[in-house]
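Undergrad: My structure is stored as data17.txt, with compact mmCIF, C-alpha atoms.
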# COMPACT_ATOMS: atom_id res chain seq x y z
CA MET A 27 -19.79 -12.47 -18.92
CA ILE A 28 -21.02 -9.31 -17.25
CA ALA A 29 -17.94 -8.04 -15.46
CA PRO A 30 -15.72 -6.03 -15.10
CA PHE A 31 -18.70 -3.67 -15.33
CA PHE A 32 -16.67 -0.64 -16.43
CA LYS A 33 -15.00 -2.57 -19.26
CA PHE A 34 -18.45 -3.59 -20.53
CA GLY A 35 -19.48 0.05 -20.62
CA TYR A 36 -22.08 0.03 -17.84
CA PHE A 37 -20.94 3.48 -16.66
CA ASN A 38 -18.68 6.31 -17.84
CA ASP A 39 -15.39 7.86 -16.68
CA GLU A 40 -17.10 10.39 -14.41
CA ILE A 41 -18.92 7.67 -12.49
CA SER A 42 -15.69 5.67 -12.26
CA LEU A 43 -14.22 8.48 -10.14
CA VAL A 44 -17.12 8.16 -7.71
CA VAL A 45 -16.49 4.40 -7.63
CA ALA A 46 -12.80 5.10 -6.92
CA PHE A 47 -13.76 7.35 -4.00
CA ILE A 48 -16.10 4.75 -2.48
CA ILE A 49 -13.62 1.89 -2.92
CA GLY A 50 -10.96 4.15 -1.38
CA ILE A 51 -13.16 4.64 1.69
CA GLY A 52 -13.39 0.88 2.14
CA PHE A 53 -9.65 0.52 1.62
CA GLY A 54 -8.80 3.24 4.17
CA PHE A 55 -11.36 1.93 6.66
CA PHE A 56 -9.95 -1.59 6.73
CA LEU A 57 -6.32 -0.38 6.78
CA GLU A 58 -7.06 1.69 9.89
CA ARG A 59 -9.09 -1.13 11.52
CA GLY A 60 -6.07 -3.39 11.08
CA GLY A 61 -3.68 -0.98 12.77
CA PHE A 62 -2.00 0.10 9.53
CA GLY A 63 -2.16 3.76 10.49
CA SER A 64 0.37 3.09 13.22
CA ALA A 65 4.09 3.04 12.30
CA ARG A 66 5.01 1.08 15.42
CA LEU A 67 2.59 -1.71 14.60
CA LEU A 68 3.70 -1.82 10.97
CA ALA A 69 7.40 -1.87 11.86
CA ALA A 70 6.80 -4.66 14.42
CA GLN A 71 6.48 -6.98 11.40
CA PHE A 72 10.24 -6.74 10.87
CA TYR A 73 11.04 -7.67 14.49
CA PHE A 74 8.66 -10.67 14.54
CA THR A 75 6.72 -9.20 17.48
CA ASP A 76 3.50 -8.51 15.55
CA MET A 77 3.06 -10.11 12.13
CA ARG A 78 -0.13 -8.28 11.17
CA VAL A 79 1.32 -6.83 7.96
CA PHE A 80 1.94 -10.32 6.64
CA LYS A 81 -1.38 -11.71 7.95
CA VAL A 82 -3.55 -8.90 6.58
CA MET A 83 -1.77 -8.70 3.22
CA PHE A 84 -1.83 -12.42 2.56
CA THR A 85 -5.42 -12.87 3.71
CA ALA A 86 -6.46 -10.02 1.40
CA ILE A 87 -4.50 -11.46 -1.53
CA VAL A 88 -5.92 -14.95 -1.00
CA THR A 89 -9.50 -13.63 -0.61
CA ALA A 90 -9.41 -11.54 -3.79
CA MET A 91 -7.52 -14.25 -5.68
CA ILE A 92 -10.10 -16.92 -4.84
CA GLY A 93 -12.95 -14.47 -5.54
CA VAL A 94 -11.69 -13.57 -9.01
CA PHE A 95 -10.98 -17.19 -9.85
CA TYR A 96 -14.43 -18.34 -8.72
CA LEU A 97 -16.30 -15.52 -10.50
CA SER A 98 -14.38 -16.26 -13.65
CA TRP A 99 -15.04 -20.00 -13.32
CA ILE A 100 -18.82 -19.48 -13.10
CA GLY A 101 -18.56 -17.18 -16.10
CA TRP A 102 -19.32 -13.79 -14.53
CA VAL A 103 -15.95 -12.10 -14.86
CA ASP A 104 -13.69 -12.01 -17.89
CA ILE A 105 -10.38 -12.30 -16.08
CA SER A 106 -8.45 -11.22 -19.18
CA LEU A 107 -10.05 -7.75 -18.89
CA ILE A 108 -8.67 -7.13 -15.39
CA TYR A 109 -5.64 -4.90 -15.59
CA TYR A 110 -2.55 -5.31 -13.45
CA GLY A 111 0.98 -3.98 -13.89
CA ASN A 112 3.38 -5.18 -16.56
CA THR A 113 6.39 -7.12 -15.36
CA TYR A 114 9.84 -5.52 -15.58
CA LEU A 115 11.58 -8.06 -13.39
CA LEU A 116 14.89 -6.49 -12.31
CA ALA A 117 13.49 -2.98 -11.78
CA GLN A 118 10.68 -4.44 -9.68
CA ILE A 119 13.02 -6.49 -7.51
CA PHE A 120 15.38 -3.53 -7.09
CA GLY A 121 12.50 -1.10 -6.44
CA GLY A 122 10.97 -3.54 -3.95
CA LEU A 123 14.23 -3.78 -2.01
CA ILE A 124 14.50 0.03 -1.81
CA LEU A 125 10.85 0.35 -0.79
CA GLY A 126 11.28 -2.36 1.87
CA ILE A 127 14.30 -0.54 3.31
CA GLY A 128 12.31 2.71 3.25
CA PHE A 129 9.39 0.91 4.92
CA VAL A 130 11.37 -0.14 8.01
CA ILE A 131 13.23 3.19 8.24
CA GLY A 132 10.14 5.35 7.78
CA GLY A 133 7.51 3.08 9.28
CA TYR A 134 4.94 3.27 6.46
CA CYS A 135 4.28 2.54 2.82
CA PRO A 136 2.32 4.95 0.56
CA GLY A 137 -1.23 3.72 1.33
CA THR A 138 -0.66 3.36 5.05
CA SER A 139 0.91 6.83 5.26
CA ALA A 140 -2.38 8.26 3.93
CA VAL A 141 -4.25 6.52 6.77
CA SER A 142 -1.67 7.69 9.32
CA ILE A 143 -2.10 11.30 8.18
CA ALA A 144 -5.89 10.97 8.31
CA THR A 145 -5.61 9.82 11.93
CA GLY A 146 -3.26 12.66 12.87
CA ARG A 147 0.22 11.07 12.78
CA ILE A 148 2.81 13.82 12.31
CA ASP A 149 5.50 11.31 11.33
CA GLY A 150 3.12 10.15 8.57
CA ILE A 151 2.98 13.70 7.17
CA VAL A 152 6.79 13.94 7.18
CA TYR A 153 7.01 10.50 5.57
CA ALA A 154 4.67 11.58 2.76
CA LEU A 155 6.76 14.74 2.22
CA GLY A 156 9.77 12.44 1.86
CA GLY A 157 7.71 10.40 -0.61
CA PHE A 158 7.12 13.47 -2.80
CA PHE A 159 10.84 14.23 -2.65
CA GLY A 160 11.76 10.64 -3.60
CA ILE A 161 9.43 10.72 -6.60
CA PHE A 162 10.93 14.07 -7.63
CA ILE A 163 14.44 12.55 -7.47
CA PHE A 164 13.22 9.61 -9.56
CA GLY A 165 11.63 11.98 -12.09
CA GLU A 166 14.84 13.99 -12.41
CA ALA A 167 16.97 10.84 -12.67
CA TYR A 168 14.56 9.18 -15.11
CA PRO A 169 16.33 10.15 -18.36
CA MET A 170 19.52 8.56 -16.99
CA ILE A 171 18.01 5.34 -15.59
CA GLU A 172 15.34 4.86 -18.25
CA GLY A 173 17.17 1.86 -19.74
CA PHE A 174 17.21 -0.05 -16.46
CA VAL A 175 13.65 0.90 -15.49
CA ASN A 176 12.25 -0.27 -18.84
CA GLY A 177 14.49 -3.33 -19.10
CA ASN A 178 13.47 -6.99 -18.75
CA TYR A 179 10.00 -6.21 -20.08
CA MET A 180 7.79 -9.30 -19.88
CA GLY A 181 4.35 -7.75 -20.40
CA MET A 182 1.25 -8.38 -18.29
CA ILE A 183 2.20 -11.88 -17.26
CA ASN A 184 1.03 -14.06 -14.37
CA ILE A 185 2.75 -16.97 -12.65
CA PRO A 186 0.59 -19.68 -14.32
CA GLN A 187 1.58 -18.28 -17.75
CA LEU A 188 5.25 -18.03 -16.80
CA LEU A 189 5.48 -21.59 -15.48
CA ASN A 190 2.90 -22.96 -17.91
CA ILE A 191 0.99 -24.53 -15.02
CA ASN A 192 -2.80 -24.60 -14.55
CA TYR A 193 -4.20 -21.44 -12.84
CA GLY A 194 -6.11 -23.51 -10.28
CA MET A 195 -2.96 -25.40 -9.32
CA ILE A 196 -1.00 -22.19 -8.61
CA LEU A 197 -4.01 -20.93 -6.64
CA PHE A 198 -3.96 -24.09 -4.55
CA ILE A 199 -0.20 -23.75 -3.90
CA VAL A 200 -0.61 -20.10 -2.84
CA ILE A 201 -3.38 -21.09 -0.40
CA LEU A 202 -1.13 -23.80 1.08
CA LEU A 203 1.74 -21.30 1.36
CA ALA A 204 -0.57 -18.83 3.09
CA ILE A 205 -1.79 -21.41 5.62
CA GLY A 206 1.81 -22.44 6.30
CA GLY A 207 2.83 -18.80 6.61
CA PHE A 208 -0.01 -17.98 9.03
CA THR A 209 0.88 -20.96 11.21
CA ALA A 210 4.53 -19.87 11.27
CA ALA A 211 3.52 -16.27 12.05
CA GLU A 212 1.34 -17.30 15.01
CA TRP A 213 4.14 -19.51 16.34
CA GLY A 214 6.76 -16.76 15.83
CA GLU A 215 4.69 -14.20 17.72
CA LYS A 216 4.32 -16.57 20.67
CA VAL A 217 8.06 -17.26 20.76
CA MET A 218 8.82 -13.51 20.69
CA ALA A 219 6.24 -12.78 23.40
CA LYS A 220 7.85 -15.43 25.62
CA LYS A 221 11.32 -14.02 24.94
CA ARG A 222 10.20 -10.53 25.88
CA ALA A 223 8.49 -11.75 29.04
CA GLU A 224 11.72 -13.40 30.13
CA LYS A 225 13.70 -10.16 29.81
CA MET B 35 -17.01 23.29 15.29
CA THR B 36 -16.05 22.14 18.77
CA ASN B 37 -17.07 18.66 17.73
CA ILE B 38 -14.52 18.62 14.93
CA LYS B 39 -11.77 19.35 17.44
CA ASN B 40 -12.97 16.47 19.58
CA TRP B 41 -12.48 14.07 16.68
CA PHE B 42 -8.79 14.66 16.96
CA SER B 43 -8.52 14.57 20.71
CA HIS B 44 -10.45 12.19 22.87
CA HIS B 45 -13.92 11.26 23.77
CA HIS B 46 -12.85 10.95 27.36
CA GLU B 47 -10.33 13.01 29.24
CA ASP B 48 -8.96 9.94 31.02
CA ASN B 49 -6.55 7.37 29.67
CA ALA B 50 -9.04 5.60 27.42
CA GLY B 51 -7.28 7.09 24.39
CA GLU B 52 -3.90 5.52 25.03
CA GLU B 53 -5.57 2.18 25.47
CA ALA B 54 -7.31 2.43 22.10
CA LEU B 55 -3.87 2.40 20.48
CA LEU B 56 -3.00 -1.02 21.88
CA PRO B 57 -2.98 -3.88 19.34
CA LYS B 58 -5.85 -5.76 20.99
CA PHE B 59 -8.24 -2.91 20.20
CA TYR B 60 -7.67 -3.28 16.49
CA TRP B 61 -9.66 -5.85 14.61
CA ASN B 62 -8.43 -9.38 14.10
CA PRO B 63 -5.85 -9.25 11.24
CA TYR B 64 -7.46 -12.14 9.35
CA LEU B 65 -10.86 -10.45 9.52
CA VAL B 66 -9.31 -7.20 8.27
CA GLY B 67 -7.58 -9.15 5.49
CA ILE B 68 -10.89 -10.63 4.34
CA GLY B 69 -12.48 -7.15 4.38
CA LEU B 70 -9.59 -5.71 2.41
CA GLY B 71 -9.72 -8.65 0.00
CA ILE B 72 -13.42 -8.02 -0.65
CA VAL B 73 -12.71 -4.33 -1.35
CA LEU B 74 -9.99 -5.39 -3.79
CA LEU B 75 -12.31 -7.96 -5.38
CA ALA B 76 -15.03 -5.30 -5.74
CA SER B 77 -12.52 -3.10 -7.52
CA PHE B 78 -11.63 -5.92 -9.93
CA VAL B 79 -15.29 -6.74 -10.64
CA ILE B 80 -16.60 -3.18 -10.94
CA MET B 81 -13.65 -1.47 -12.61
CA GLY B 82 -11.41 -4.20 -13.96
CA ARG B 83 -8.44 -2.80 -12.06
CA GLY B 84 -7.05 -2.95 -8.55
CA LEU B 85 -5.94 -0.60 -5.81
CA GLY B 86 -3.00 1.78 -5.75
CA ALA B 87 -1.58 4.72 -3.86
CA SER B 88 1.85 5.83 -5.09
CA GLY B 89 0.50 6.87 -8.49
CA ALA B 90 -1.52 9.63 -6.82
CA LEU B 91 1.65 11.04 -5.22
CA SER B 92 3.35 10.97 -8.64
CA THR B 93 0.52 13.00 -10.19
CA VAL B 94 0.91 15.66 -7.49
CA VAL B 95 4.71 15.82 -8.00
CA SER B 96 4.34 16.01 -11.79
CA VAL B 97 1.78 18.83 -11.59
CA VAL B 98 3.96 20.83 -9.16
CA VAL B 99 7.10 20.41 -11.29
CA ASN B 100 5.06 21.35 -14.37
CA GLN B 101 3.88 24.55 -12.67
CA VAL B 102 7.45 25.57 -11.86
CA ALA B 103 9.17 24.45 -15.06
CA PRO B 104 6.84 23.46 -17.92
CA GLU B 105 9.68 23.22 -20.51
CA HIS B 106 11.44 20.80 -18.19
CA THR B 107 8.50 18.39 -17.85
CA ALA B 108 7.84 18.57 -21.60
CA ASN B 109 11.20 16.83 -22.14
CA ASN B 110 10.69 14.16 -19.49
CA GLU B 111 8.69 11.04 -20.31
CA PHE B 112 8.12 10.25 -16.62
CA TYR B 113 6.31 13.51 -15.79
CA LYS B 114 4.53 13.53 -19.14
CA GLY B 115 2.98 10.17 -18.34
CA TYR B 116 1.19 11.66 -15.35
CA LEU B 117 0.29 15.00 -16.94
CA GLY B 118 -1.48 13.54 -19.96
CA ASP B 119 -2.08 15.56 -23.13
CA GLY B 120 -3.64 18.51 -21.29
CA SER B 121 -7.19 17.85 -22.48
CA VAL B 122 -8.31 16.76 -19.00
CA SER B 123 -7.00 17.73 -15.58
CA PRO B 124 -4.37 15.26 -14.29
CA PHE B 125 -6.34 15.21 -11.03
CA LYS B 126 -9.38 13.69 -12.75
CA ASP B 127 -7.77 10.36 -12.12
CA TRP B 128 -8.86 7.03 -10.61
CA LEU B 129 -5.95 6.87 -8.13
CA ILE B 130 -6.38 10.47 -6.94
CA PHE B 131 -10.04 9.82 -6.06
CA LEU B 132 -9.14 6.48 -4.52
CA VAL B 133 -6.56 8.07 -2.21
CA ILE B 134 -9.01 10.83 -1.20
CA GLY B 135 -11.34 7.98 -0.24
CA VAL B 136 -8.54 6.32 1.76
CA PHE B 137 -8.19 9.52 3.82
CA VAL B 138 -11.94 9.63 4.48
CA GLY B 139 -12.20 5.91 5.33
CA GLY B 140 -9.13 6.02 7.58
CA PHE B 141 -10.36 9.11 9.38
CA PHE B 142 -13.81 7.58 9.87
CA SER B 143 -12.43 4.31 11.28
CA GLY B 144 -9.99 6.17 13.55
CA ALA B 145 -12.75 8.47 14.81
CA LEU B 146 -15.00 5.52 15.63
CA ALA B 147 -12.23 3.92 17.66
CA GLY B 148 -11.04 7.14 19.32
CA ARG B 149 -7.62 6.80 17.69
CA ASN B 150 -7.43 10.15 15.87
CA LYS B 151 -4.69 11.99 17.66
CA MET B 152 -1.97 14.45 16.67
CA ILE B 153 1.11 12.52 17.77
CA VAL B 154 4.48 11.32 16.54
CA GLU B 155 4.67 7.51 16.50
CA LYS B 156 8.01 6.23 17.73
CA GLY B 157 9.70 3.73 20.00
CA PRO B 158 10.84 4.75 23.50
CA ASN B 159 14.54 5.05 22.62
CA ILE B 160 14.50 7.78 19.99
CA SER B 161 13.88 11.55 20.05
CA THR B 162 11.02 13.12 18.11
CA LYS B 163 13.52 14.91 15.87
CA GLY B 164 15.32 11.64 15.21
CA ARG B 165 12.07 9.88 14.37
CA LEU B 166 10.98 12.59 11.96
CA THR B 167 14.38 12.52 10.24
CA TYR B 168 14.01 8.76 9.75
CA ALA B 169 10.44 9.26 8.52
CA PHE B 170 11.65 11.67 5.84
CA ILE B 171 14.53 9.42 4.73
CA GLY B 172 12.24 6.37 4.67
CA GLY B 173 9.62 8.28 2.70
CA THR B 174 12.22 9.39 0.15
CA LEU B 175 13.41 5.82 -0.38
CA MET B 176 9.80 4.65 -0.64
CA GLY B 177 8.99 7.27 -3.31
CA PHE B 178 12.03 6.35 -5.36
CA GLY B 179 11.53 2.58 -4.92
CA ALA B 180 7.82 2.69 -5.75
CA LYS B 181 8.52 4.49 -9.02
CA MET B 182 11.34 2.11 -9.89
CA ALA B 183 8.96 -0.82 -9.32
CA ARG B 184 5.98 0.92 -11.01
CA GLY B 185 3.82 0.54 -7.94
CA CYS B 186 3.82 0.10 -4.21
CA THR B 187 2.52 -2.32 -1.64
CA SER B 188 -1.03 -1.64 -2.89
CA GLY B 189 -0.58 -1.61 -6.65
CA GLN B 190 2.09 -4.29 -7.00
CA GLY B 191 1.68 -6.14 -3.70
CA LEU B 192 -2.09 -6.48 -3.22
CA THR B 193 -3.33 -6.06 -6.78
CA GLY B 194 -0.45 -7.88 -8.48
CA GLY B 195 -0.42 -10.48 -5.72
CA ALA B 196 -4.10 -11.36 -6.10
CA MET B 197 -3.79 -11.50 -9.91
CA LEU B 198 -0.70 -13.75 -9.51
CA SER B 199 1.41 -11.19 -11.41
CA VAL B 200 5.04 -12.27 -11.82
CA GLY B 201 6.34 -8.73 -11.18
CA GLY B 202 3.93 -8.24 -8.27
CA TRP B 203 5.17 -11.34 -6.44
CA ALA B 204 8.83 -10.60 -7.17
CA PHE B 205 8.27 -7.07 -5.86
CA MET B 206 6.54 -8.23 -2.70
CA LEU B 207 9.23 -10.76 -1.81
CA ALA B 208 11.83 -8.02 -2.38
CA VAL B 209 9.96 -5.62 -0.05
CA PHE B 210 10.03 -8.13 2.80
CA ALA B 211 13.69 -9.01 2.04
CA GLY B 212 14.67 -5.32 2.08
CA GLY B 213 12.73 -4.67 5.29
CA TYR B 214 14.21 -7.61 7.18
CA ALA B 215 17.73 -6.86 5.92
CA MET B 216 17.52 -3.28 7.20
CA ALA B 217 15.54 -3.91 10.41
CA TYR B 218 18.54 -4.60 12.63
CA PHE B 219 20.16 -1.24 11.81
CA VAL B 220 17.15 0.88 12.76
CA ARG B 221 15.93 -1.21 15.72
CA ARG B 222 16.59 1.63 18.18
CA GLN B 223 13.84 3.59 16.49
CA TRP B 224 11.17 1.00 17.18
CA ILE B 225 12.07 -1.26 20.10
Go ahead and render the structure in this file as structure tokens.
TA:
Amino acid sequence: MIAPFFKFGYFNDEISLVVAFIIGIGFGFFLERGGFGSARLLAAQFYFTDMRVFKVMFTAIVTAMIGVFYLSWIGWVDISLIYYGNTYLLAQIFGGLILGIGFVIGGYCPGTSAVSIATGRIDGIVYALGGFFGIFIFGEAYPMIEGFVNGNYMGMINIPQLLNINYGMILFIVILLAIGGFTAAEWGEKVMAKKRAEK
Amino acid sequence: MTNIKNWFSHHHEDNAGEEALLPKFYWNPYLVGIGLGIVLLASFVIMGRGLGASGALSTVVSVVVNQVAPEHTANNEFYKGYLGDGSVSPFKDWLIFLVIGVFVGGFFSGALAGRNKMIVEKGPNISTKGRLTYAFIGGTLMGFGAKMARGCTSGQGLTGGAMLSVGGWAFMLAVFAGGYAMAYFVRRQWI
């Protein structure tokens, strides 16, 4: 096992910030290339006219998921050292619903709003200001909603652990779901394009 | 200096700029997804953690509130989490540097494609003022929701999704459910 490099002490905290900056550049570059700096293109996802949010997100998830699994299988990466968020089920479902509603009203999510600002979108700037305000409201409300936010704690748990099913099997199911989803998305876009042409 | 101004306007004075904003001039979504997936994978392999964005906003909010009312933040576990113990600056943080990188990468890609333009993005049936009002409301909900869920589309969706996190997948399904449930009511803004 040689990775994750940082966890094996190959470089210090200071260097990790440089790594963060470089990875951020890649992240921002691909988001913009995909049209994620544009609120109209992002919102189109919710009207079935352009499903790029779904396509890009799921392709990225499947790519990284397969990559991590493969690198762990050949013994390069210790998958148990990769950190991801703890599960607090109800708060995450509730927060996701609110964020989804905010997404279609505002046209962005946090990462995409950064790209929209970088490419000059004034609505992106206003959206981010709203974001600061929303976090402030959450911070002020935190003492009152602490119980709910910290409830249903399940720890850092993945789907294979939850269902007690082999990691590779879940991986295979996700890939099948993605292929099915992509096929449906392509078909849906064609149907919507036809509908619009008829108008 | 004049060059810098050109980055935000257009390479050509004709209509080439408007055309660059059409969907066909963006890269193929599957190709972009693979690129994004490799960036995420690199983050896992090099750092042992994934991507994120909303945490950087939280740090900024916590620092501002702390400047205005330090006694107030001292009694609030949420702000304290982002401020740390004071031994290092809260801005010396992985997510802060990542988001600075996102700005640079986004700007660079937009500049290459001639898409950097000071405009308000909106559908044809809404005023600029209306669009900006919606943007603020949407942003506020996003900020609140992301903190409730302990992450956003990047941290929970992409990172949690690729690591098959239970909370990440539940969050992501909820985001799409919330978006589709609300879409009908704000359709005038977009279509």
Undergrad: Write out as JSON, numbers by chain which residues come within 7 Å of segment 140-142 of chain B when counting all atoms listed in the file, dropping same-chain ones fewer than 6 positions away.
TA: {"A": [54, 55, 58, 141, 144, 145]}
Undergrad: I'd like a table as CSV: residues in segment 102-167 of chain A with an atom no more than 9 Å from segment 98-119 of chain B, each row giving the shortest atom pair and its distance in Å to one decimal, all atoms listed in the file counted, sorted by chain and rising residue number.
TA:
residue,atom,partner,partner_atom,distance
A:Phe162,CA,B:Val99,CA,8.3
A:Phe164,CA,B:Phe112,CA,8.7
A:Gly165,CA,B:Phe112,CA,6.0
A:Glu166,CA,B:Asn110,CA,8.2
Undergrad: Just how far from atom CA of Gly71 of chain B is atom CA of Thr89 of chain A, in Å to one decimal?
TA: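 Distance between the two atoms: 5.0 Å.
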Undergrad: Got a sec: who's within 7 Å of Arg149 of chain B, counting only C-alpha atoms, leaving out chain neighbours fewer than 3 positions off, as a count of residues only?
TA: 6
Undergrad: What is the atom CA of Leu107 of chain A-atom CA of Ile92 of chain A distance in Å, reported with one decimal?
TA: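 Spanning atom CA of Leu107 of chain A to atom CA of Ile92 of chain A is a straight-line distance of 16.8 Å.
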Undergrad: Residues within 9 Å of Ala29 of chain A, please, as a list in words. Count only C-alpha atoms; anything in the same chain fewer than 3 positions from it doesn't count.
TA: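 Counting only the stated atoms, we get Phe32, Lys33, Phe34, Trp102, Val103, Asp104, Ile105 and Leu107 of chain A; Phe78, Val79, Ile80, Met81 and Gly82 of chain B.
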Undergrad: May I ask for the distance between atom CA of Lys220 of chain A and atom CA of Thr138 of chain A, given in Å to one decimal place?
TA: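 The value is 29.1 Å.
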Undergrad: With distances taken over all atoms listed in the file, which of A:Leu203, A:Leu197, A:Met91, A:Met180 is nearest to chain B?
TA: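 Smallest distance to chain B is found for A:Met91.
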Undergrad: Quick one: residues within 10 Å of Thr167 of chain B, only C-alpha atoms, excluding same-chain residues fewer than 6 positions away - as a VMD selection string?
TA: (chain A and resid 131 to 132 149 152 to 153 156) or (chain B and resid 161 173)
Undergrad: Using all atoms listed in the file, which of the listed residues (B:Ser77, B:Gly148, B:Tyr218, B:Ser88) sits closest to Gly93 of chain A?
TA: B:Ser77
Undergrad: Please determine, counting all atoms listed in the file, which residue among B:Ile225, B:Ala217, B:Ala76, B:Val66 has the shortest atom-to-atom distance to Phe80 of chain A.
TA: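 The closest residue to Phe80 of chain A is B:Val66.
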Undergrad: What lies within 6 Å of segment 201-215 of chain B using all atoms listed in the file, ignoring chain neighbours under 5 positions off, as a list in words?
TA: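 My reading of the contact set: Phe72, Thr113, Leu115, Gln118, Ile119, Gly122, Leu123, Gly126, Ile127 and Val130 of chain A; Gln190, Gly191, Gly194 and Gly195 of chain B.
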Undergrad: Hey, can you pull every residue with an atom no more than 12 Å from (-15.4, 10.5, -13.5), using all atoms listed in the file, and send it as an NGL selection string?
TA: (:A and (32 or 37-47)) or (:B and (122-123 or 125-132))
